[in-house]
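Coordinates as given in target.csv (CSV, C-alpha atoms and all ligand atoms):
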```
chain,number,residue,atom,x,y,z
A,7,MET,CA,-16.4,-24.7,-31.0
A,8,THR,CA,-15.4,-28.3,-31.2
A,9,SER,CA,-12.8,-29.7,-28.7
A,10,LEU,CA,-10.3,-30.1,-31.6
A,11,GLN,CA,-10.7,-26.4,-32.5
A,12,GLN,CA,-10.3,-25.6,-28.7
A,13,SER,CA,-7.0,-27.6,-28.5
A,14,ILE,CA,-5.7,-26.0,-31.6
A,15,GLU,CA,-6.5,-22.5,-30.3
A,16,LEU,CA,-4.9,-23.4,-26.9
A,17,SER,CA,-1.7,-24.7,-28.4
A,18,GLN,CA,-1.4,-21.6,-30.7
A,19,MET,CA,-2.0,-19.4,-27.6
A,20,LEU,CA,0.7,-21.3,-25.7
A,21,HIS,CA,3.1,-21.0,-28.5
A,22,LEU,CA,2.6,-17.2,-28.7
A,23,GLN,CA,2.8,-16.7,-24.9
A,24,ASN,CA,6.0,-18.8,-24.7
A,25,LYS,CA,7.6,-16.9,-27.7
A,26,TYR,CA,6.7,-13.6,-26.1
A,27,VAL,CA,8.2,-14.6,-22.7
A,28,LYS,CA,11.4,-15.8,-24.4
A,29,GLU,CA,11.7,-12.4,-26.2
A,30,GLN,CA,11.2,-10.5,-22.9
A,31,GLY,CA,13.6,-12.7,-20.9
A,32,ALA,CA,13.5,-13.4,-17.2
A,33,PRO,CA,12.6,-12.3,-14.6
A,34,VAL,CA,9.1,-11.7,-15.9
A,35,VAL,CA,5.7,-11.6,-14.3
A,36,VAL,CA,2.8,-14.0,-15.3
A,37,LYS,CA,-0.6,-13.0,-14.1
A,38,ALA,CA,-4.1,-14.5,-14.1
A,39,ASP,CA,-6.3,-11.9,-15.7
A,40,GLY,CA,-9.2,-12.6,-13.4
A,41,LEU,CA,-9.6,-12.3,-9.7
A,42,ALA,CA,-7.6,-15.0,-7.8
A,43,ALA,CA,-7.8,-13.9,-4.2
A,44,GLY,CA,-4.5,-12.1,-4.5
A,45,LYS,CA,-2.6,-15.3,-5.5
A,46,GLY,CA,-2.7,-15.0,-9.3
A,47,VAL,CA,0.7,-13.3,-9.7
A,48,ILE,CA,3.8,-15.3,-10.3
A,49,VAL,CA,7.2,-13.6,-10.5
A,50,ALA,CA,9.2,-16.1,-12.6
A,51,VAL,CA,12.9,-15.7,-12.0
A,52,SER,CA,13.7,-18.0,-14.9
A,53,LEU,CA,12.2,-18.7,-18.3
A,54,GLU,CA,11.5,-22.3,-17.2
A,55,GLU,CA,9.4,-20.9,-14.2
A,56,ALA,CA,7.5,-18.6,-16.6
A,57,TYR,CA,6.7,-21.5,-19.0
A,58,GLU,CA,5.5,-23.6,-16.0
A,59,ALA,CA,3.3,-20.7,-14.7
A,60,ILE,CA,1.7,-20.3,-18.2
A,61,ASP,CA,1.1,-24.1,-18.4
A,62,SER,CA,-0.4,-24.2,-14.9
A,63,MET,CA,-2.8,-21.4,-15.6
A,64,LEU,CA,-3.8,-22.1,-19.2
A,65,VAL,CA,-3.5,-25.9,-19.4
A,66,GLU,CA,-4.0,-27.2,-15.9
A,67,GLY,CA,-6.5,-24.4,-15.0
A,68,SER,CA,-4.8,-23.8,-11.6
A,69,PHE,CA,-6.8,-20.6,-11.1
A,70,GLY,CA,-10.0,-21.8,-12.8
A,71,SER,CA,-11.6,-19.3,-15.1
A,72,ALA,CA,-9.6,-16.5,-13.5
A,73,GLY,CA,-6.5,-17.9,-15.3
A,74,SER,CA,-8.1,-18.7,-18.6
A,75,ARG,CA,-6.6,-15.5,-19.9
A,76,ILE,CA,-3.2,-14.4,-18.7
A,77,ILE,CA,-1.1,-11.3,-18.8
A,78,ILE,CA,2.7,-11.2,-19.2
A,79,GLU,CA,4.2,-8.1,-17.5
A,80,GLU,CA,7.6,-6.6,-17.1
A,81,PHE,CA,9.2,-7.3,-13.7
A,82,LEU,CA,9.6,-4.0,-11.9
A,83,GLU,CA,12.3,-3.6,-9.4
A,84,GLY,CA,12.4,-0.6,-7.1
A,85,GLU,CA,10.6,1.1,-4.2
A,86,GLU,CA,6.9,1.0,-4.0
A,87,VAL,CA,5.1,4.2,-3.1
A,88,SER,CA,1.4,4.9,-2.5
A,89,PHE,CA,0.2,8.0,-4.4
A,90,PHE,CA,-3.3,9.4,-3.9
A,91,ALA,CA,-5.5,11.9,-5.8
A,92,LEU,CA,-8.9,13.2,-5.0
A,93,VAL,CA,-11.0,13.3,-8.2
A,94,ASP,CA,-14.3,14.9,-9.2
A,95,GLY,CA,-14.4,13.5,-12.7
A,96,GLU,CA,-12.8,16.6,-14.3
A,97,THR,CA,-10.2,17.8,-11.9
A,98,ALA,CA,-7.7,15.7,-10.0
A,99,LEU,CA,-6.1,17.1,-6.8
A,100,PRO,CA,-2.9,15.3,-5.8
A,101,LEU,CA,-2.7,14.4,-2.1
A,102,GLU,CA,0.7,13.7,-0.4
A,103,SER,CA,2.6,10.5,-1.0
A,104,ALA,CA,3.2,7.7,1.6
A,105,GLN,CA,5.2,4.5,1.8
A,106,ASP,CA,3.9,1.4,3.7
A,107,HIS,CA,5.5,-1.8,4.9
A,108,LYS,CA,3.5,-4.8,3.7
A,109,ARG,CA,5.4,-7.7,5.1
A,110,VAL,CA,4.6,-8.8,8.7
A,111,GLY,CA,8.2,-9.1,10.0
A,112,ASN,CA,11.1,-6.8,10.6
A,113,GLY,CA,13.4,-6.5,7.6
A,114,ASP,CA,10.4,-7.0,5.2
A,115,THR,CA,10.2,-10.7,6.0
A,116,GLY,CA,7.2,-13.1,6.4
A,117,PRO,CA,3.8,-13.0,4.7
A,118,ASN,CA,2.1,-10.0,3.2
A,119,THR,CA,-0.3,-8.0,5.4
A,120,GLY,CA,-2.6,-5.1,4.7
A,121,GLY,CA,0.3,-2.9,6.0
A,122,MET,CA,2.2,-2.8,9.2
A,123,GLY,CA,3.3,0.8,9.2
A,124,ALA,CA,3.7,3.8,6.9
A,125,TYR,CA,5.2,7.2,6.7
A,126,SER,CA,4.6,10.4,4.7
A,127,PRO,CA,6.0,12.0,2.6
A,128,ALA,CA,7.7,9.2,0.7
A,129,SER,CA,11.0,10.9,0.0
A,130,VAL,CA,11.7,8.6,-3.0
A,131,LEU,CA,8.8,10.3,-4.9
A,132,THR,CA,10.2,13.7,-5.6
A,133,LYS,CA,7.9,16.6,-6.6
A,134,GLU,CA,9.1,16.1,-10.2
A,135,LEU,CA,8.1,12.4,-10.1
A,136,GLU,CA,4.7,13.4,-8.5
A,137,ALA,CA,4.1,15.7,-11.4
A,138,LEU,CA,4.9,12.8,-13.8
A,139,VAL,CA,2.5,10.5,-12.0
A,140,MET,CA,-0.2,13.0,-12.3
A,141,GLU,CA,0.5,13.5,-16.0
A,142,SER,CA,1.1,9.9,-17.0
A,143,VAL,CA,-1.2,7.9,-14.6
A,144,ILE,CA,-3.9,9.9,-12.8
A,145,LEU,CA,-5.1,12.4,-15.4
A,146,PRO,CA,-5.3,9.8,-18.3
A,147,THR,CA,-7.2,7.5,-15.9
A,148,MET,CA,-9.7,10.2,-15.0
A,149,LYS,CA,-10.1,11.4,-18.6
A,150,GLY,CA,-10.3,7.8,-19.9
A,151,MET,CA,-13.0,6.9,-17.4
A,152,ALA,CA,-15.1,10.0,-18.3
A,153,ALA,CA,-14.7,9.3,-22.0
A,154,GLU,CA,-16.0,5.8,-21.5
A,155,GLY,CA,-19.1,7.2,-19.7
A,156,CYS,CA,-17.9,6.0,-16.3
A,157,LYS,CA,-17.0,9.3,-14.7
A,158,PHE,CA,-15.1,8.6,-11.5
A,159,VAL,CA,-15.5,10.7,-8.3
A,160,GLY,CA,-13.5,9.7,-5.3
A,161,VAL,CA,-10.0,8.8,-4.3
A,162,LEU,CA,-7.6,7.2,-6.8
A,163,TYR,CA,-4.8,5.3,-5.1
A,164,ALA,CA,-2.0,4.4,-7.4
A,165,GLY,CA,0.6,1.9,-6.3
A,166,ILE,CA,3.8,3.2,-7.9
A,167,ILE,CA,7.2,1.5,-8.3
A,168,VAL,CA,10.0,4.0,-8.7
A,169,GLU,CA,12.1,1.8,-10.9
A,170,LYS,CA,15.6,1.2,-9.7
A,171,LYS,CA,17.0,0.9,-13.3
A,172,THR,CA,15.5,4.1,-14.7
A,173,GLY,CA,14.3,6.2,-11.8
A,174,PHE,CA,10.9,6.5,-13.5
A,175,PRO,CA,7.6,5.9,-11.7
A,176,LYS,CA,5.5,3.0,-13.0
A,177,LEU,CA,2.0,2.0,-12.1
A,178,ILE,CA,1.8,-1.5,-10.5
A,179,GLU,CA,-1.8,-1.4,-9.1
A,180,TYR,CA,-4.8,0.8,-8.7
A,181,ASN,CA,-7.3,1.1,-5.9
A,182,VAL,CA,-10.3,3.4,-5.6
A,183,ARG,CA,-10.0,4.2,-1.9
A,184,PHE,CA,-7.5,5.6,0.7
A,185,GLY,CA,-4.7,3.2,1.8
A,186,ASP,CA,-4.6,1.7,5.3
A,187,PRO,CA,-2.4,2.6,7.1
A,188,GLU,CA,-1.3,5.3,4.6
A,189,CYS,CA,-4.5,7.3,5.3
A,190,GLN,CA,-3.5,7.7,9.0
A,191,VAL,CA,-0.3,9.5,8.1
A,192,LEU,CA,-2.0,11.7,5.5
A,193,MET,CA,-4.6,12.7,8.0
A,194,MET,CA,-1.9,13.7,10.5
A,195,ARG,CA,-0.4,16.0,7.8
A,196,LEU,CA,-3.6,17.4,6.3
A,197,GLU,CA,-4.3,20.9,7.6
A,198,SER,CA,-7.3,21.7,5.4
A,199,ASP,CA,-10.8,20.4,6.2
A,200,LEU,CA,-11.1,17.0,4.6
A,201,ALA,CA,-15.0,17.0,4.7
A,202,GLN,CA,-15.0,20.3,2.7
A,203,ALA,CA,-12.7,18.8,0.1
A,204,LEU,CA,-14.8,15.6,-0.2
A,205,LEU,CA,-17.9,17.6,-0.6
A,206,ALA,CA,-16.3,19.7,-3.3
A,207,ALA,CA,-15.4,16.5,-5.1
A,208,CYS,CA,-19.0,15.3,-4.9
A,209,ARG,CA,-20.2,18.7,-6.3
A,210,GLY,CA,-17.7,18.7,-9.1
A,211,GLU,CA,-16.0,21.8,-7.6
A,212,LEU,CA,-12.5,20.5,-6.9
A,213,GLY,CA,-11.0,23.2,-9.2
A,214,LYS,CA,-11.8,25.7,-6.4
A,215,VAL,CA,-10.0,23.7,-3.7
A,216,SER,CA,-6.4,23.9,-2.6
A,217,LEU,CA,-5.2,21.7,0.2
A,218,GLU,CA,-2.8,22.7,2.9
A,219,TRP,CA,-0.3,20.2,4.2
A,220,SER,CA,2.0,20.3,7.2
A,221,PRO,CA,5.6,20.4,6.1
A,222,GLU,CA,6.3,18.0,8.9
A,223,SER,CA,6.4,14.3,8.3
A,224,ALA,CA,4.3,11.6,10.0
A,225,MET,CA,4.6,7.9,10.7
A,226,VAL,CA,2.2,5.2,11.8
A,227,VAL,CA,3.2,1.9,13.5
A,228,VAL,CA,0.5,-0.8,13.4
A,229,MET,CA,0.0,-3.0,16.5
A,230,ALA,CA,-1.6,-6.3,15.5
A,231,SER,CA,-2.9,-9.3,17.3
A,232,GLU,CA,-0.4,-12.1,17.8
A,233,GLY,CA,-0.8,-14.5,14.9
A,234,TYR,CA,-1.9,-12.0,12.3
A,235,PRO,CA,-2.1,-12.3,9.3
A,236,GLY,CA,-2.8,-15.9,10.2
A,237,PRO,CA,-5.4,-16.9,12.8
A,238,TYR,CA,-5.5,-14.7,15.9
A,239,LYS,CA,-7.5,-14.4,19.1
A,240,ARG,CA,-9.9,-11.6,19.8
A,241,GLY,CA,-10.8,-10.1,23.2
A,242,SER,CA,-7.5,-9.5,24.9
A,243,MET,CA,-7.4,-6.4,27.1
A,244,ILE,CA,-5.4,-3.3,26.0
A,245,ARG,CA,-4.4,-0.8,28.7
A,246,ASN,CA,-2.8,2.6,28.9
A,247,LEU,CA,-4.0,4.0,25.5
A,248,GLU,CA,-4.8,7.4,27.1
A,249,GLU,CA,-1.4,7.6,28.8
A,250,ALA,CA,0.4,6.7,25.5
A,251,GLU,CA,-1.5,9.4,23.6
A,252,LEU,CA,-0.7,12.0,26.2
A,253,LEU,CA,3.1,11.4,25.9
A,254,TRP,CA,3.4,13.8,23.0
A,255,PRO,CA,0.8,16.3,21.6
A,256,THR,CA,1.5,15.0,18.1
A,257,VAL,CA,0.7,11.3,18.9
A,258,LYS,CA,-2.6,10.0,17.8
A,259,ILE,CA,-3.8,6.4,18.2
A,260,PHE,CA,-6.2,5.3,15.5
A,261,HIS,CA,-8.5,2.4,16.4
A,262,ALA,CA,-8.9,-0.2,13.6
A,263,GLY,CA,-9.9,-3.3,15.5
A,264,THR,CA,-10.9,-2.5,19.1
A,265,ASP,CA,-14.1,-3.0,21.1
A,266,LEU,CA,-15.2,-2.1,24.6
A,267,ASP,CA,-15.9,-4.9,27.1
A,268,SER,CA,-18.8,-4.7,29.6
A,269,ASP,CA,-16.6,-2.7,32.1
A,270,GLY,CA,-15.6,-0.2,29.4
A,271,ASN,CA,-12.1,-1.5,28.8
A,272,PHE,CA,-10.6,-1.6,25.4
A,273,VAL,CA,-10.2,-5.1,24.0
A,274,SER,CA,-8.9,-6.3,20.6
A,275,SER,CA,-11.4,-7.3,18.0
A,276,GLY,CA,-9.4,-7.7,14.8
A,277,GLY,CA,-6.0,-8.5,13.1
A,278,ARG,CA,-4.6,-5.0,12.7
A,279,VAL,CA,-5.8,-3.3,15.9
A,280,LEU,CA,-4.1,0.1,16.5
A,281,GLY,CA,-2.3,2.6,14.4
A,282,ILE,CA,0.1,4.5,16.6
A,283,THR,CA,0.8,7.6,14.7
A,284,ALA,CA,3.1,10.5,15.3
A,285,LYS,CA,4.1,13.8,13.6
A,286,GLY,CA,7.4,15.4,13.9
A,287,LYS,CA,10.1,17.5,12.1
A,288,ASP,CA,11.5,14.4,10.4
A,289,ILE,CA,11.0,10.6,10.2
A,290,LYS,CA,13.5,10.1,13.0
A,291,GLU,CA,11.5,12.3,15.4
A,292,ASP,CA,8.2,10.6,14.2
A,293,ARG,CA,9.7,7.2,15.0
A,294,GLU,CA,10.9,8.2,18.5
A,295,ARG,CA,7.4,9.5,19.4
A,296,ALA,CA,5.5,6.6,17.9
A,297,TYR,CA,7.7,3.9,19.5
A,298,ASP,CA,7.6,5.9,22.9
A,299,ALA,CA,3.9,5.7,22.8
A,300,ILE,CA,4.0,1.9,22.0
A,301,GLU,CA,6.2,1.4,25.0
A,302,ALA,CA,3.6,3.0,27.1
A,303,ILE,CA,0.8,0.7,25.9
A,304,ASN,CA,0.2,-2.4,27.9
A,305,TRP,CA,-1.0,-5.2,25.5
A,306,PRO,CA,1.0,-8.4,25.9
A,307,GLU,CA,-1.0,-10.1,23.1
A,308,GLY,CA,-0.1,-7.5,20.5
A,309,PHE,CA,3.0,-7.2,18.3
A,310,PHE,CA,4.4,-4.6,16.0
A,311,ARG,CA,7.3,-4.1,13.6
A,312,ARG,CA,10.3,-2.4,15.0
A,313,ASP,CA,11.8,-1.1,11.8
A,314,ILE,CA,9.1,1.1,10.3
A,315,GLY,CA,10.7,3.8,8.2
A,316,TRP,CA,13.9,1.8,7.6
A,317,ARG,CA,14.1,2.7,3.9
A,318,ALA,CA,14.0,6.4,4.7
A,319,LEU,CA,16.5,6.2,7.5
A,320,SER,CA,20.1,5.3,7.7
A,321,LEU,CA,20.9,2.1,9.5
A,322,ASP,CA,22.6,3.6,12.5
A,323,GLN,CA,19.6,5.9,13.2
A,324,LEU,CA,17.4,2.8,13.1
A,325,THR,CA,19.5,0.5,15.4
A,326,SER,CA,19.1,2.9,18.3
A,327,ASN,CA,15.5,1.9,18.5
A,328,LEU,CA,15.9,-1.9,18.0
B,401,LIG,N1,-1.6,-0.4,2.7
B,401,LIG,C1,-2.0,-1.0,1.5
B,401,LIG,C2,-3.4,-0.8,1.1
B,401,LIG,O1,-4.2,-0.1,1.8
B,401,LIG,O2,-3.8,-1.5,0.2
```
Let's see the structure in the file written out as structure tokens.
Amino acid sequence: MTSLQQSIELSQMLHLQNKYVKEQGAPVVVKADGLAAGKGVIVAVSLEEAYEAIDSMLVEGSFGSAGSRIIIEEFLEGEEVSFFALVDGETALPLESAQDHKRVGNGDTGPNTGGMGAYSPASVLTKELEALVMESVILPTMKGMAAEGCKFVGVLYAGIIVEKKTGFPKLIEYNVRFGDPECQVLMMRLESDLAQALLAACRGELGKVSLEWSPESAMVVVMASEGYPGPYKRGSMIRNLEEAELLWPTVKIFHAGTDLDSDGNFVSSGGRVLGITAKGKDIKEDRERAYDAIEAINWPEGFFRRDIGWRALSLDQLTSNL
């Protein structure tokens, strides 16, 4: 293709994209179609911002070849829920839902992280909405992949926005793994043998499996190294983990980034270091137990969010722990 043909094609594409954005109105989402290290999504709050984002990707090449094709998507406003299903290629078994807290700071402020805490179940995703997610998201994905000769066996993790405007669940992202730290709260509530369920998935026998879940809820609060998600130091000593875990029988501390020094002491070795997890009759009880355990841990170089579960709790319940 000559450079003249290329510029004609580009200007036609720009015209179409801009026309489409104008029809959709703002806010609207402009995405680079390729992988852009998590940075290729621009939520444009005005049409001007949307036109600029399109120009920057298509004309200026701000994301290189990842932005040479773009996607214009509806802006979704609502609560984000993590929904999981175990899949053997022909049967999909829904797991329980969870909700995590991606921003580093209290009140959902600061940069995004892998997740600073989570709880399960996510009350915003009712049983009716779960059934709708299975019908409209999980099953079509599983069947579509099999039809394309790419049968999927494993965990499908759908990031769902329960849209404020309509109350409907919409898919915002897909992963093929458990979520972290959502997995920790799911494991606290799962009463069946996970290994048997995973084996059944591998053997194509999920149809014979039914999973038992505790009716209780669970919460995890992540303790991270000071500085995370930016640069942080490794090697600081963490004391009293055993004492913290003994406070309540339903407290479990998951290690995500710890190591042992030459004297057998726990030291930090990552950004997100510990998942302090508790199970209880409701989110309020989970919170009390998880934060009690955190109080018992002696790790001056660590930090955590103090408001995990805030969406599920009324403000006055929350402030008693601040
Ligand atoms: N907690 C979000 C994730 O695992 O992607």
My list of candidates is A:Leu266, A:Ala164, A:Leu53, A:Leu145. Which is closest to ligand LIG 401 (chain B) when distances are computed with only C-alpha atoms and all ligand atoms? A:Ala164
Minimum-distance residue to Asp94 (chain A), chosen among A:Arg317, A:Lys157, A:Lys37, A:Lys45 (using only C-alpha atoms): A:Lys157
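In this structure, CA of Gln190 (chain A) sits 14.2 Å away from CA of Glu222 (chain A).
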For the contact check between chain A and ligand LIG 401 (chain B), emit one row per residue of chain A within 7 Å, containing the shortest atom pair and the distance in Å rounded to one decimal, counting only C-alpha atoms and all ligand atoms, chain then rising number order, as CSV.
```
residue,atom,partner,partner_atom,distance
A:Asp106,CA,B:LIG401,N1,5.9
A:Lys108,CA,B:LIG401,N1,6.8
A:Gly120,CA,B:LIG401,N1,5.2
A:Gly121,CA,B:LIG401,N1,4.6
A:Phe184,CA,B:LIG401,O1,6.7
A:Gly185,CA,B:LIG401,O1,3.3
A:Asp186,CA,B:LIG401,O1,4.0
A:Pro187,CA,B:LIG401,N1,5.4
A:Glu188,CA,B:LIG401,N1,6.0
```
Which value, in Å to one decimal, gives the distance between CA of Leu252 (chain A) and CA of Lys290 (chain A)?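 Separation between CA of Leu252 (chain A) and CA of Lys290 (chain A): 19.5 Å.
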State, in Å with one decimal place, the distance from CA of Gln12 (chain A) to CA of Ser52 (chain A).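 Atom-to-atom, CA of Gln12 (chain A) to CA of Ser52 (chain A), that is 28.7 Å.
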For region 242-251 of chain A, list every protein, DNA or RNA residue within 10 Å, evaluated using all atoms listed in the file, and leave out those in the same chain fewer than 3 positions away; present the list as a PyMOL selection string. chain A and resi 231+239+254-259+264-267+271-275+280+282-284+295-308
Given the point (3.9, 1.6, 11.7) in the file's coordinates, find the residues that have an atom at most 9 Å from it, counting all atoms listed in the file, and give them as a PyMOL selection string. chain A and resi 106-107+121-125+187+225-229+281-283+293+296-297+310-315
Using all atoms listed in the file, which of A:Ile78, A:Val93, A:Val65, A:Val279 sits nearest Leu205 (chain A)?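 For Leu205 (chain A), the nearest of the given residues is A:Val93.
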For Ile167 (chain A), which residue out of A:Leu99, A:Leu217, A:Leu82, A:Met140 is the nearest one, using all atoms listed in the file?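 Ranked by minimum distance to Ile167 (chain A), first place goes to A:Leu82.
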So which one's closest to Gly44 (chain A), A:Asn24, A:Ser13, A:Thr119, A:Gln18? Using only C-alpha atoms, please. A:Thr119
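You can rank A:Glu179, A:Glu83, A:Glu136, A:Glu58 by their closest distance to Ala104 (chain A) using only C-alpha atoms, and at the top of that list sits A:Glu136.
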Excluding Cys156 (chain A) and its own-chain neighbours fewer than 5 positions away, which residues fall within 12 Å of it when counting only C-alpha atoms? Please give them as an mmCIF file with C-alpha atoms, in the frame of the given file.
```
data_model
loop_
_atom_site.group_PDB
_atom_site.id
_atom_site.type_symbol
_atom_site.label_atom_id
_atom_site.label_comp_id
_atom_site.auth_asym_id
_atom_site.auth_seq_id
_atom_site.Cartn_x
_atom_site.Cartn_y
_atom_site.Cartn_z
ATOM 1 C CA ASP A 94 -14.300 14.900 -9.200
ATOM 2 C CA GLY A 95 -14.400 13.500 -12.700
ATOM 3 C CA GLU A 96 -12.800 16.600 -14.300
ATOM 4 C CA THR A 147 -7.200 7.500 -15.900
ATOM 5 C CA MET A 148 -9.700 10.200 -15.000
ATOM 6 C CA LYS A 149 -10.100 11.400 -18.600
ATOM 7 C CA GLY A 150 -10.300 7.800 -19.900
ATOM 8 C CA MET A 151 -13.000 6.900 -17.400
#
```
Excluding Val49 (chain A) and residues on its chain fewer than 5 positions from it, collect all residues at most 9 Å away from it, counting all atoms listed in the file, and give them as a PyMOL selection string. chain A and resi 33-37+55-56+81
